[in-house]
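Structure record follows, encoded as structure tokens.
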Amino acid sequence: MTSIINRRCRGLIVSILLAFSNTAFAAVMDLRPGVTDISRRILELHHLSLAICVVMGSLVFGTMFYSMYAHRRSKHPKPADFHESLLVEIIWTAVPVLILIGLAIPATSALREIEDNSNPDLSILITGSQWKWHYQYLEADFGYYSNMSTPAEQINNLETKGRNYILEVDNALVLPTSKKVRFLTTSDDVIHAWWVPDFAVKQDAIPGYINEAWARIEVPGLFRGQCAELCGKDHAYMPIEVEVLPEEEFDQWILDQLLAIELASGQAVADRAKTWTMAELMDIGQTVFIDNCATCHEADGSGQGSTYPALAGGEIPTGDMPTHIERVMSGAVDTEMQAWAPQLSDLELASVITYERNAFGNDLGDIVQPLTIFESR
Amino acid sequence: MAVTADHAIPNRSPLIAYLSRWLLTTNHKEIGTLYLCLSFTLFFIAGAMAMVIRLELFQPGIQFAEPLFYNQMVTMHGLLMVFGVVMPGFVGLANWLIPMMIGAPDMALPRLNNFSFWILPFAFTLLISSLFMEGGAPNFGWTFYAPLSTTYGPPSTDFFIIGVHLMGISSVLGAINIIVTIFNLRVEGMTLMKMPLFVWTWLITAFLLVMVMPVLAGAVTMMLTDRHFGTSFFSAVGGGDPVLFQHVFWFFGHPEVYILILPGFGIASQIIPTFARKRLFGYHSMVYATISIAVLSFVVWGHHMFTTGMPLAAELFVMYATMMIAVPTGVKVFNWVATMWRGSMTFETPMLFAIGFVILFTIGGFSGLMLALVPVDFQYHDTFFVVAHFHYVLYPGAIFGIMSAVYYWLPKWTGNMYDERLGKLHFWTAIIAVNMTFFPMHFLGLAGMPRRIVDYSLQFADFNMVTSIGAGMLGLTQVLFLYIVVKCIRGGEKATSRVWDSAEGLEWTIPSPAPLHTFSTPPQFPIPEKVYQHD
Amino acid sequence: MTERRNNQRKHIVLLSALAVGMVGFSFAMVPLYAIFCEVVGLNGKKYEQEISAEPAVLQVSEREVTIQFLAQVGRGMPWEFRPTEPKLKVRLGEIHLTSYYARNRADQAVTGQAVPSVSPAYAANFLHKLECFCFTQQQLAAGEDQQMALRFYIDVELPEDISMLTLSYSLFPVPDAEVASPTLASN
């Protein structure tokens with residue numbers, strides 16, 4: 001009897017909740033349906049479990065509220081005598097078990113499908129580091145870094161925040177529709193987690209190990225996610241942006257990227273051939289510094305305690321050149337100082353090192369040319 | 001507190017006498033008071049950190065708490081609330097109540113009891129002082145995952161490790177004391193199945209403590225050696241695995257959260273029958289359900305790790321086992337409702353908090369059930385949905401449990417009734433504030449807001465503002481609670497021995513305030529009705 | 001009274017033993033974890049790869065799988081490190097020889113340790129390495145480069161549902177104090 005009522009109520013609640021998910025209200029209050037078959041199944045599972053909880057809660061709390069009204073002392077002066085009943089205990093043990101089984105079956109089926117990583121169409125290696133993502137297309141054999149592009153002025157309340165505040169990046173991950181995309185995640189330093197709610201993909205990025213997940217995205221569009229594992233200072237500031245293109249556009253994009261890489265290496269050749277002036281290097285170097293280094297070492301090079309050493313008068317920026325270059329290019333083991341060689345061009349590295357040696361009152365007068373960096377690689 | 005200076009030594013300055021009394025006491029009532037005072041103090045400190053967090057999250061952008069400092073607040077808030085507020089709070093209640101409830105003159109190991117307490121102020125001074133150390137306090141979340149905490153932790157991490165060791169020792173020694181007391185000092189006639197349920201839940205909690213606090217000690221020791229002695233438990237380069245840390249930590253961590261709630265279950269099981277004027281429904285089931293929950297708690301630690309890349313079989317097993325915990329927990333809730341059903345209820349403050357506990361803890365339990373489902377957990381994990389879940393089971397769960405216990409037993413401890421009007425005011429403001437603070441967090445999580453972030457994107461702004469306002473209100477209700485407690489200690493309507501007209505149990509057969517030494521001669525058990533009738 | 005005290009003493013001893021035992025258990029979790037991973041076939045997370053014995057008779061199947069090779073350079077490691085062949089299509093049971101290229105661009109000798117990881121994790125037990133630069137530390141002199149060999153085969157028993165395998169090496173610097181007797185990978 002109660003189970004029939006339960007089922008009907010559940011059906012009603014589920015319908016209401018499903019209607020919910022199509023309204024703007026749901027956009028604020030509910031999980032999103034997403035753009036994959038899996039994300040939709042997950043939403044349905046969420047609604048099912050929520051419906052069960054709402055029904056169970058209503059029954060239990062309803063009973064309690066009724067009892068608080070009807071069995072308060074002024075209305076019910078003589079308390080009843082009963083204090084045990086084996087039958088009732090068995091019923092309210094068995095019924096929840098049945099409900100749980102009803103919940104476990106769709107959950108199991110969805111999970112089996114989620115964990116089936118076989119036969120992917122393409123593979124992306126996603127490397128998390130503090131505090132950015134690196135995407136590598138394994139078939140096409142190229143990759144790039146994806147940094148948050150929200151300016152610090154917005155974060156520090158000096159400018160109005162944009163619509164995609166802290167959810168926007170310089171280079172989004174680009175993916176095709178309708179293909180089974182395999183995501184391999186790993187990390188350079190601490191544990192991060194790559195999460196795009198619209199794909200219902202969340203996977204830890206663990207240093208030294210690779211993990212696998214997949215998604216088949218049905219519609220093109222722009223989708224955003226965030227790092228979902230505390231990873232240090234700027235955990236809130238390493239967003240994920242995915243641009244999904246129809247298949248032909250995606251294939252063209254790949255070709256465009258490969259071309260752009262060739263052009264960039266051509267540009268790099270030109271950059272190395274030129275002898276740059278102090279003024280030019282300082283100008284470029286300051287931009288590179290603000291965009292990449294200031295978050296830890298501070299815009300004025302004052303650093304933040306021992307974790308992020310001061311560059312103003314610091315040992316390395318005022319010490320010998322090869323050590324400084326090596327530190328910037330390869331990072332420092334077991335610290336948050338990253339290897340910048342894979343992330344920045346020869347010109348960018350040369351300028352930022354020049355900048356560090358001459359700004360913040362360091363004034364060493366040293367200049368580093370892009371050619372020097374190229375030869376150090 | 002009506003306690004006599006039994007141990008007055010002539011020619012001693014009053015200050016020294018006062019300090020020695022509290023420093024050297026082996027009396028379970030005084031030690032209980034010490035634990036409760038420590039817990040309440042840390043409640044305000046950790047609560048202030050919560051206020052910093054909520055103030056910063058009032059609006060998007062960074063207002064005053066830079067990310068490094070914010071992460072320290074998040075970490076310390078969690079550590080202090082778990083280890084400094086809820087655990088000592090429950091231990092304080094255990095100390096005060098268990099000997100009285102079982103008719104014993106004191107705990108089995110009174111000097112060990114004193115030692116167990118006095119470790120804690122040292123441990124917390126160490127922990128809190130890390131805020132002022134170079135590099136700041138621990139900033140890696142109360143769950144301190146490697147390698148963020150090992151390779152990249154600030155220098156204060158080592159002090160954190162020592163602090164954890166100290167707290168662990170205190171907990172284990174205290175738990176051993178409780179188990180030995182319960183097994184050996186029960187009054188004649190009080191078999192295990194006749195003990196008050198608060199004693200039962202503490203017995204089970206104490207076993208959990210003895211078993212899992214040492215595992216935490218192992219985990220932090222491995223952290224220490226990884227940091228300084230060249231081991232690589234948690235780092236791939238030396239053959240280790242960061243995920244191993246999570247396994248060891250959560251093997252402790254999951255039973256730990258049951259440690260944080262089981263005594264609350266016991267408290268509700270004491271209070272509801274008194275104010276429903278009806279015996280607890282299903283005493284035996286309640287005991288077996290609590291034992292089942294404790295046993296199951298050992299095999300579900302993996303549900304904190306679903307996104308780490310677990311194999312399918314492990315995910316399925318952990319999912320099913322976690323869902324199963326809902327069954328005995330549900331049995332307990334149903335039993336409380338059945339106790340209320342056709343009782344004759346009045347709604348004094350302890351009862352209000354106990355009912356609030358049952359309803360809101362159940363809501364937290366529901367979100368826990370939802371989290372158990374692995375596919376959906378992939379969307380919920382590390383979002384504010386999880387934050388909502390555990391705050392519901394911890395705040396309206398554990399904390400309301402402690403508060404209802406304080407209201408219920410304060411008259412016994414002090415001899416004075418607390419101010420009932422103020423108590424009700426506390427309850428109603430707290431219940432509104434607690435829901436205003438934590439309910440929107442469910443929606444924030446579903447909408448996609450990750451946890452442990454100093455700043456969020458614009459679509460999360462409205463609910464964050466509501467949450468922060470609720471949190472401010474919640475903070476104010478604590479001040480009201482403090483006022484009520486202090487006012488009660490200082491005076492009030494005189495309490496009778498039984499205090500509540502249907503209270504059952506040995507503690508209600510002795511005068512209020514309870515004399516410093518009780519049950520020096522064992523009482524009669526079962527309790528003859530006429531014993532309740534003096535004064 | 002004394003009986004009660006003896007009882008108490010017994011309880012205290014047992015409980016203390018339990019507490020100490022659980023500390024031991026937490027340390028035992030370390031090898032237990034490794035054993036469990038191996039038994040369940042999750043070697044993707046286990047570092048101590050055994051050198052597979054050269055099989056006497058090798059069963060080769062017609063079934064082909066793709067194996068991808070990845071390289072990660074750890075922070076502070078001044079090497080270039082990449083697979084010479086990013087991807088291979090192999091038949092199960094066939095022995096293959098491939099290599100990783102490494103170059104030390106620093107101006108002093110540096111020792112590194114490569115740590116493998118396999119995805120999907122349960123495929124790891126089916127990847128047999130006969131020769132691998134990851135078995136030992138590798139040292140390169142300043143400016144030196146090397147092709148480091150990897151000889152392997154994939155077991156014919158590889159589960160049906162796996163068509164693609166990924167083997168990733170993370171290269172970490174070894175501090176001077178921990179440098180074992182250095183071996184140079186041979187071609």
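Each chain in the structure tokens gets a letter, A, B, ..., in the order shown, and its residues are numbered from 1; ligands are numbered from 1 in order too.
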Can you list, as JSON, numbers by chain, every protein, DNA or RNA residue that comes within 10 Å of Trp276 of chain A when you count only C-alpha atoms, leaving out same-chain residues fewer than 4 positions away?
{"A": [271, 272, 280, 281, 347, 350, 351, 367, 368, 369, 370]}
Tell me which protein, DNA and RNA residues are within 7 Å of Gly93 of chain C, counting only C-alpha atoms, leaving out same-chain ones fewer than 6 positions away, and put them as a list in words.
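Within the cut-off, the hits are Leu58, Gln59, Val60, Ser61, Tyr153, Ile154, Asp155 and Val156 of chain C.
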C-alpha atoms of the current selection, written as a PDB file, in the first residue's frame:
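Output saved as selection-v6.pdb:
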ATOM      1  CA  LEU C  58      55.593 -16.712 -27.546  1.00  0.00           C
ATOM      2  CA  GLN C  59      51.991 -16.977 -28.563  1.00  0.00           C
ATOM      3  CA  VAL C  60      51.142 -14.320 -31.086  1.00  0.00           C
ATOM      4  CA  SER C  61      47.568 -13.465 -31.864  1.00  0.00           C
ATOM      5  CA  TYR C 153      55.132  -7.338 -25.491  1.00  0.00           C
ATOM      6  CA  ILE C 154      51.445  -7.297 -24.671  1.00  0.00           C
ATOM      7  CA  ASP C 155      49.938 -10.466 -23.321  1.00  0.00           C
ATOM      8  CA  VAL C 156      47.475 -12.320 -25.551  1.00  0.00           C
TER       9      VAL C 156
END
For chain B, work out the contacting residues on chain C at 8 Å, counting only C-alpha atoms, and write them as a ChimeraX atom specification.
/C:4,7-8,11-12,15-16,18-20,22-27,29-30,33,45-48,113-115,121-122,171-172
Interface, chain B side, toward chain A (6 Å; only C-alpha atoms) as an mmCIF file with C-alpha atoms, in the first residue's frame:
data_model
loop_
_atom_site.group_PDB
_atom_site.id
_atom_site.type_symbol
_atom_site.label_atom_id
_atom_site.label_comp_id
_atom_site.auth_asym_id
_atom_site.auth_seq_id
_atom_site.Cartn_x
_atom_site.Cartn_y
_atom_site.Cartn_z
ATOM 1 C CA GLY B 61 36.289 39.028 -6.196
ATOM 2 C CA ILE B 62 38.927 39.224 -3.510
ATOM 3 C CA PRO B 67 43.997 33.199 -1.434
ATOM 4 C CA LEU B 68 46.888 31.977 0.700
ATOM 5 C CA GLY B 135 54.575 30.586 5.648
ATOM 6 C CA PRO B 147 51.494 15.982 -2.209
ATOM 7 C CA LEU B 148 49.988 19.408 -1.497
ATOM 8 C CA THR B 151 56.017 18.353 -0.836
ATOM 9 C CA ALA B 236 55.552 8.624 -7.468
ATOM 10 C CA ARG B 279 10.057 4.851 26.626
ATOM 11 C CA PHE B 281 10.985 2.727 20.933
ATOM 12 C CA GLY B 282 13.012 -0.313 19.953
ATOM 13 C CA THR B 307 37.203 10.544 -8.944
ATOM 14 C CA THR B 308 40.704 9.200 -8.316
ATOM 15 C CA GLY B 309 40.446 6.473 -10.921
ATOM 16 C CA TRP B 341 4.189 8.904 18.311
ATOM 17 C CA ARG B 342 1.319 8.879 20.742
ATOM 18 C CA GLY B 343 3.519 10.193 23.477
ATOM 19 C CA SER B 344 2.607 13.232 25.478
ATOM 20 C CA MET B 345 5.020 15.859 24.309
ATOM 21 C CA THR B 346 6.148 19.201 25.632
ATOM 22 C CA PHE B 366 19.570 12.245 2.310
ATOM 23 C CA PRO B 375 27.690 8.499 -11.489
ATOM 24 C CA VAL B 376 26.075 11.501 -9.841
ATOM 25 C CA PHE B 378 31.074 12.674 -10.399
ATOM 26 C CA ASP B 382 34.327 18.602 -4.436
ATOM 27 C CA PHE B 443 22.065 24.607 -5.059
ATOM 28 C CA LEU B 446 24.423 21.543 -8.218
ATOM 29 C CA ALA B 447 24.984 24.715 -10.229
ATOM 30 C CA PRO B 450 33.600 23.904 -6.526
ATOM 31 C CA ILE B 453 37.709 28.394 -3.559
ATOM 32 C CA SER B 457 31.964 33.174 -10.915
#
Name the residues of segment 120-176 of chain C that come out as helix (DSSP H, G or I) in a backbone DSSP run; write them as a list in words.
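Taking segment 120-176 of chain C and keeping helix (DSSP H, G or I) only, one gets Ala121, Tyr122, Ala123, Ala124, Asn125, Phe126, Phe133, Cys134, Phe135 and Asp176 of chain C.
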Which residues, written as a PyMOL selection string, have at least one atom at most 12 Å from Gln68 of chain C, with only C-alpha atoms counted and residues fewer than 6 positions away on the same chain left out?
(chain A and resi 122-125+137-139+141+184) or (chain C and resi 83-90+98+117-120+163-169)
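Closest approach to chain C from the set A:His297, A:Arg216, A:Arg182, A:Arg357 is made by A:Arg182, with distances taken over only C-alpha atoms.
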Near chain A, meaning an atom within 6 Å, which residues of chain C appear when counting only C-alpha atoms? Write them as a ChimeraX atom specification.
/C:75-76,78,117,161-163,170
Any chance you could export the current selection's N, CA and C atoms as a PDB file, in the first residue's frame?
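Once written, selection27.pdb looks like this:
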ATOM      1  N   ARG C  75      59.325  18.675 -12.604  1.00  0.00           N
ATOM      2  CA  ARG C  75      59.832  19.999 -12.331  1.00  0.00           C
ATOM      3  C   ARG C  75      61.289  19.948 -11.891  1.00  0.00           C
ATOM      4  N   GLY C  76      62.055  20.882 -12.357  1.00  0.00           N
ATOM      5  CA  GLY C  76      63.454  20.941 -11.935  1.00  0.00           C
ATOM      6  C   GLY C  76      64.340  19.951 -12.681  1.00  0.00           C
ATOM      7  N   PRO C  78      66.224  19.157 -15.911  1.00  0.00           N
ATOM      8  CA  PRO C  78      66.628  19.911 -17.112  1.00  0.00           C
ATOM      9  C   PRO C  78      66.888  19.018 -18.326  1.00  0.00           C
ATOM     10  N   SER C 117      53.353   4.702 -15.826  1.00  0.00           N
ATOM     11  CA  SER C 117      51.946   4.564 -15.447  1.00  0.00           C
ATOM     12  C   SER C 117      51.188   4.102 -16.673  1.00  0.00           C
ATOM     13  N   ASP C 161      37.922  -5.807 -24.170  1.00  0.00           N
ATOM     14  CA  ASP C 161      37.390  -4.446 -24.309  1.00  0.00           C
ATOM     15  C   ASP C 161      38.485  -3.382 -24.433  1.00  0.00           C
ATOM     16  N   ILE C 162      39.754  -3.783 -24.427  1.00  0.00           N
ATOM     17  CA  ILE C 162      40.819  -2.777 -24.539  1.00  0.00           C
ATOM     18  C   ILE C 162      41.342  -2.762 -25.962  1.00  0.00           C
ATOM     19  N   SER C 163      41.218  -1.633 -26.626  1.00  0.00           N
ATOM     20  CA  SER C 163      41.780  -1.516 -27.962  1.00  0.00           C
ATOM     21  C   SER C 163      42.926  -0.524 -27.980  1.00  0.00           C
ATOM     22  N   SER C 170      56.907   9.421 -16.302  1.00  0.00           N
ATOM     23  CA  SER C 170      57.211  10.705 -15.688  1.00  0.00           C
ATOM     24  C   SER C 170      58.659  10.645 -15.254  1.00  0.00           C
TER      25      SER C 170
END
Selection near Thr429 of chain B, 10 Å with only C-alpha atoms, sequence-local residues under 2 positions removed, as a list in words
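Contacts, with the query itself left out: Lys424, Leu425, His426, Phe427, Ile431, Ile432, Ala433, Val434, Met473, Leu474, Leu476, Thr477 and Leu480 of chain B.
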Between A:Gly128, A:Gly143, A:Gly62, A:Gly313, which has the minimum distance to Ile261 of chain A (counting only C-alpha atoms)?
A:Gly143
Hey, which of B:Phe44, B:Trp409, B:Phe64, B:Tyr418 ends up closest to Ala514 of chain B? Count only C-alpha atoms.
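Counting only C-alpha atoms, the residue closest to Ala514 of chain B is B:Trp409.
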If we count only C-alpha atoms and set the cut-off at 12 Å, which residues sit around Gly415 of chain B, ignoring sequence neighbours fewer than 2 positions away in its own chain? Please answer as a short mmCIF file (atom, residue, chain, number, x, y, z; two decimals) with C-alpha atoms, in the first residue's frame.
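Writing the result to selection19.cif gives the following:
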data_model
loop_
_atom_site.label_atom_id
_atom_site.label_comp_id
_atom_site.auth_asym_id
_atom_site.auth_seq_id
_atom_site.Cartn_x
_atom_site.Cartn_y
_atom_site.Cartn_z
CA MET B 1 29.03 25.07 39.90
CA ALA B 2 28.35 23.79 43.41
CA VAL B 3 31.53 21.96 44.12
CA TRP B 409 21.85 18.51 31.66
CA LEU B 410 22.88 22.07 32.63
CA PRO B 411 20.33 22.10 35.48
CA LYS B 412 21.88 18.89 36.77
CA TRP B 413 25.39 20.31 36.51
CA MET B 417 17.34 26.09 35.39
CA TYR B 418 18.48 27.95 32.27
CA CYS B 488 22.60 29.67 34.08
CA ILE B 489 25.89 28.96 35.78
CA ARG B 490 25.56 32.14 37.76
CA GLY B 491 22.02 31.59 38.95
CA GLY B 492 18.45 30.83 38.07
CA GLU B 493 15.38 29.03 39.23
CA LYS B 494 16.51 26.16 41.45
CA ALA B 495 16.48 22.77 39.79
CA THR B 496 15.12 19.64 41.44
CA SER B 497 16.96 16.34 41.34
CA ARG B 498 14.83 14.96 38.58
CA VAL B 499 14.65 18.32 36.74
CA TRP B 508 18.33 12.11 37.89
CA ILE B 510 21.03 12.61 42.75
CA PRO B 511 20.68 16.23 43.80
CA SER B 512 21.09 19.15 41.41
CA PRO B 513 23.75 20.42 41.28
CA ALA B 514 25.42 17.02 41.30
CA PRO B 515 27.76 16.79 44.27
#
Considering only C-alpha atoms, state which residue in the set B:Arg186, B:Arg227, B:Lys278, B:His284 is at the smallest distance from Thr339 of chain B.
B:Lys278
